[in-house]
Amino acid sequence: MVKQLLEQVQADLADFLNTKNISSPDVLIERAANSEFGDYTTNVAMRYAKTCSMSPLALAEEIVNFLETKSVSGIEKVVAVKPGFINFFFSPEVKVSTANAALSNQAFKKNASLSGQKWVVEHTSPNPNKAMHLGHLRNNLVGMGIVRILNWNGAEVVAEAVYNDRGIAIAKLMYGFLAHMKKNAEAETNIAYWTSHQSEWFTPEEKEMKADRFVAECYVLAEKDIASNPEIENQVRKMVVDWEAGDELVRQLWQHVLNFSYSGINQTLTRLGSHWDKIWYEHEHYQAGKDYVSKGLEQGIFTKLEDGAVLTNLESFKIPDTILLKNDGTSLYITQDIALTDLKRKTHQADKMVWVIGPDQSLAMRQLFAVCEQLGIGKVSDFNHVTYGYVGLKADDGGFQKMSSRAGTVVLIDDVIDEVKSVIKQRFVEEERHEPSKQDELSEKLALAAVKFSFLKSDRSQDMTFDVSQSVDVHGDSGIYVMYSYVRTQSILRKAARVLSEEISAPEVLGEEAELLRTLFYFNEVLEKSAKDLSVHHVAQYLLEVSSEFNRWYAKETILDGSDKEAYRLAIVKTVGDCLKSGMEILGIDVVDEM
RNA sequence: GCCCCUAUAGUUUAAUGGAUAAAACGAGAGGCUUCUAUCCUUUUGAUGUGGGUUCGAUUCCUACUGGGGGCACCA
């Protein structure tokens, strides 16, 4: 209802401007900042005042007069104000239309703003030699958020990851496992021996470690050995060569440590509710990149240096050149990424491709995109590097401190969720809320809500200072606040005796619920804005707004008072509940009905 | 040295070039015989600095300062 109304007004405004000889004007109708300024507002008068050689306010008044002759139904009044804004005030019927849509479950649904588009989003490509920390968490939440928001706007979306499952890092992992995870320290560090005596090595379970932590420790220990003994580096390098040659024993060990790695990572990602539609394995495509480089060489796009390495020519893109192939003929990250990009594009017939990767890869991404355009794989404008700010900790002096594995300041995802969970659970126990079995289930869901929301409520591009004590706080602008508001709606609906079926009619004048109703019909444009910015923080902010207005209204008015206004109020309560639930779903947060 | 990102109350964060810069935490005051007080009401307090574009700038341009990242055969 609101949508059609706005389209009508937009058309009328365009008509008016046409009479002023402004063809195809840019008519922007936006949400009014404040309810004093109505429900929607437009700045066309200020924008085109000069063209019409009129004062903005005079033009605005002329436009208002014109619109009044049109008398669009649903608009109560249109006013021209101070600098030249034109404000639209909707009628109560329009204001309650969202609630009526909600009663028939037609509100807060997906829209079609991106329908027909196919997007491929790569996010959270795991690092097999590290435990999942807050940096990975941000990548995952930003990535999954983008996948969902695109989906809610009607796009077809493929979520993907790349497993970098070969190369020197994995070999270090293999070595670290072999050398340091033996049950008997005297045993040989020897692949052949390991193959036939696997039970003499620890598993993560036997070490009582989560698998990703186990693997991370193998890696750290290997690095330490290498630093003190160059001979070990040779051993590790030989493993890479043997792996490439297809040595069966090496492959067996490789699979063994990777399984640990994946199981640890997947455990955390499953907890987070993360999902991929497709996983690419580096070992399956890493050789193919070289063909693209030779093709580019033949076409004269790239240059071969004296030592045999291949260099880009990115002068026309105004970005620094980079090496595409090493002088020994082996490939680099970018070499493989060229092949993979083409593979992804061909496999999915994608319109747009997104890489959710940290900002330190910014130049490398631009280089990749440019090279892909040169090779005819796709256009730079269809490739999108979505970055996100660093997750840092609060330093002792109050400043931003990067997490560092060397300094031992890396905060792991599971630890944070567990800590928040224990605070919530403790409160349940103290207040004797819920059955013990239910306490665990609820506190897990609430902890996930709190942690996810705290990451998603701010713009992804900003650096984020993570304060553990603050993350545990369940008051204020938080996922818990939104959840609590939702729980309230559900609790009221449960207590209500009546069934919500018949449509509600609007009162002549809206009461305390006016602000809330106004906010509820902005849902759709929040979704569109979020998709445009590829950031779900707009949704999170909106949920805080809806929650806050709902709680304010709740504090002022009694909903279940037995009067004939009950049905009207209950419909609004249901609408709020539906809105919050849908919004939380976009953020990847499961709602609970009680807490 | 060059390139990119970034700077908002004491703190953590909002604000398609728009109206009085919005919240939360903290600090102060108040509110549950009432639908879940993990709530509500209220006080306090901010756009790094200098120019410019604009009817209008937190937003765009420019210089400076501070912070972060990157710069060819690592991943």
# chains A, B, ... in the order shown; residues from 1 in each chain; ligands from 1
$ residues_around --residues "region 21-23 of chain B" --least-positions-apart "3" --cutoff "8 Å" --atoms "only C-alpha atoms (C1' of nucleotides)" --output "number ranges by chain"
A: 477; B: 14-15, 47, 58
$ interface_residues --of "chain B" --to "chain A" --cutoff "6 Å" --atoms "only C-alpha atoms (C1' of nucleotides)" --output "ChimeraX atom specification"
/B:24,35,38,40,69,72-73
$ write_last_selection --atoms "N, CA and C atoms (P, O5', C5', C4', C3', O3' and C1' of nucleotides)" --output "tab-separated table (two decimals), in the first residue's frame"
chain	number	residue	atom	x	y	z
B	24	A	P	19.10	5.41	24.77
B	24	A	O5'	20.21	4.30	25.03
B	24	A	C5'	19.98	2.95	24.65
B	24	A	C4'	21.28	2.20	24.66
B	24	A	C3'	22.10	2.34	25.93
B	24	A	O3'	21.65	1.45	26.93
B	24	A	C1'	23.49	2.70	24.07
B	35	C	P	1.79	-8.01	35.17
B	35	C	O5'	1.43	-8.11	33.62
B	35	C	C5'	0.42	-9.05	33.21
B	35	C	C4'	0.42	-9.18	31.73
B	35	C	C3'	1.78	-9.32	31.06
B	35	C	O3'	2.20	-10.67	31.11
B	35	C	C1'	0.34	-7.89	29.80
B	38	U	P	14.47	-7.55	34.21
B	38	U	O5'	15.17	-7.04	32.88
B	38	U	C5'	16.17	-6.03	32.92
B	38	U	C4'	16.97	-6.08	31.64
B	38	U	C3'	16.13	-5.87	30.38
B	38	U	O3'	16.95	-5.27	29.38
B	38	U	C1'	17.09	-8.00	30.30
B	40	C	P	13.52	0.52	27.14
B	40	C	O5'	12.48	1.45	27.90
B	40	C	C5'	11.12	1.51	27.49
B	40	C	C4'	10.34	2.35	28.45
B	40	C	C3'	10.86	3.77	28.63
B	40	C	O3'	10.43	4.62	27.59
B	40	C	C1'	10.41	2.82	30.74
B	69	G	P	48.74	-2.20	10.77
B	69	G	O5'	48.31	-2.41	9.25
B	69	G	C5'	47.31	-3.37	8.92
B	69	G	C4'	46.88	-3.20	7.50
B	69	G	C3'	47.95	-3.43	6.45
B	69	G	O3'	48.21	-4.80	6.22
B	69	G	C1'	46.71	-1.51	5.90
B	72	A	P	56.31	-5.67	-3.13
B	72	A	O5'	56.49	-6.79	-4.25
B	72	A	C5'	55.61	-7.91	-4.28
B	72	A	C4'	55.68	-8.55	-5.64
B	72	A	C3'	57.10	-8.88	-6.10
B	72	A	O3'	57.45	-10.19	-5.68
B	72	A	C1'	55.93	-7.74	-7.81
B	73	C	P	58.55	-10.39	-4.57
B	73	C	O5'	58.61	-11.96	-4.44
B	73	C	C5'	57.39	-12.73	-4.46
B	73	C	C4'	57.43	-13.73	-5.58
B	73	C	C3'	58.60	-14.70	-5.56
B	73	C	O3'	58.25	-15.85	-4.84
B	73	C	C1'	58.22	-13.85	-7.77
$ residues_around --residues "Tyr175 (chain A)" --least-positions-apart "3" --cutoff "8 Å" --atoms "only C-alpha atoms (C1' of nucleotides)" --output "list in words"
Ala171, Lys172, Leu178, Ala179, Cys218, Ala222 and Val236 of chain A
$ write_last_selection --atoms "N, CA and C atoms" --output "compact mmCIF listing (two decimals), in the first residue's frame"
# COMPACT_ATOMS: atom_id res chain seq x y z
N ALA A 171 51.89 -28.23 4.63
CA ALA A 171 53.02 -29.11 4.88
C ALA A 171 53.58 -28.88 6.29
N LYS A 172 53.60 -27.62 6.69
CA LYS A 172 54.06 -27.32 8.06
C LYS A 172 53.15 -27.98 9.09
N LEU A 178 53.22 -34.57 12.93
CA LEU A 178 54.08 -35.75 12.98
C LEU A 178 55.12 -35.63 14.10
N ALA A 179 55.68 -34.44 14.24
CA ALA A 179 56.77 -34.26 15.19
C ALA A 179 56.31 -34.04 16.63
N CYS A 218 49.83 -27.49 16.17
CA CYS A 218 50.77 -28.18 15.28
C CYS A 218 51.54 -27.16 14.44
N ALA A 222 55.54 -26.26 14.52
CA ALA A 222 56.34 -26.45 13.31
C ALA A 222 57.12 -25.19 12.99
N VAL A 236 60.09 -29.93 5.19
CA VAL A 236 58.73 -29.45 4.91
C VAL A 236 58.56 -29.20 3.41
$ closest_residue --among "B:C2, B:G18, B:A9, B:G67" --to "C55 (chain B)" --atoms "only C-alpha atoms (C1' of nucleotides)"
B:G18
$ select_by_dssp --residues "region 114-324 of chain A" --states "alpha helix (DSSP H)" --output "ChimeraX atom specification"
/A:134-152,168-180,191-196,211-228,230-244,248-272,282-285,289-298
$ residues_around --residues "region 124-135 of chain A" --least-positions-apart "2" --cutoff "7 Å" --atoms "only C-alpha atoms (C1' of nucleotides)" --output "PyMOL selection string"
chain A and resi 137-140+161-163+173+212-213+215-216+219+261+265+390-391+410-413
$ write_last_selection --atoms "C-alpha atoms" --output "compact mmCIF listing (two decimals), in the first residue's frame"
# COMPACT_ATOMS: atom_id res chain seq x y z
CA LEU A 137 33.67 -14.33 12.90
CA ARG A 138 33.32 -10.92 11.37
CA ASN A 139 34.02 -12.31 7.92
CA ASN A 140 31.40 -14.97 8.42
CA ALA A 161 34.23 -20.77 0.14
CA VAL A 162 37.67 -21.78 -1.02
CA TYR A 163 39.67 -24.25 0.98
CA LEU A 173 50.90 -28.57 9.63
CA ASP A 212 41.05 -26.35 15.14
CA ARG A 213 43.07 -25.52 18.22
CA VAL A 215 45.81 -28.01 14.37
CA ALA A 216 46.81 -24.44 15.19
CA TYR A 219 51.39 -25.22 13.04
CA SER A 261 41.27 -28.95 10.49
CA ILE A 265 36.25 -25.25 11.66
CA TYR A 390 39.62 -5.16 11.76
CA VAL A 391 38.40 -6.59 14.98
CA VAL A 410 43.76 -13.77 19.84
CA VAL A 411 40.20 -14.21 21.03
CA LEU A 412 38.47 -17.32 19.73
CA ILE A 413 34.86 -17.41 18.60
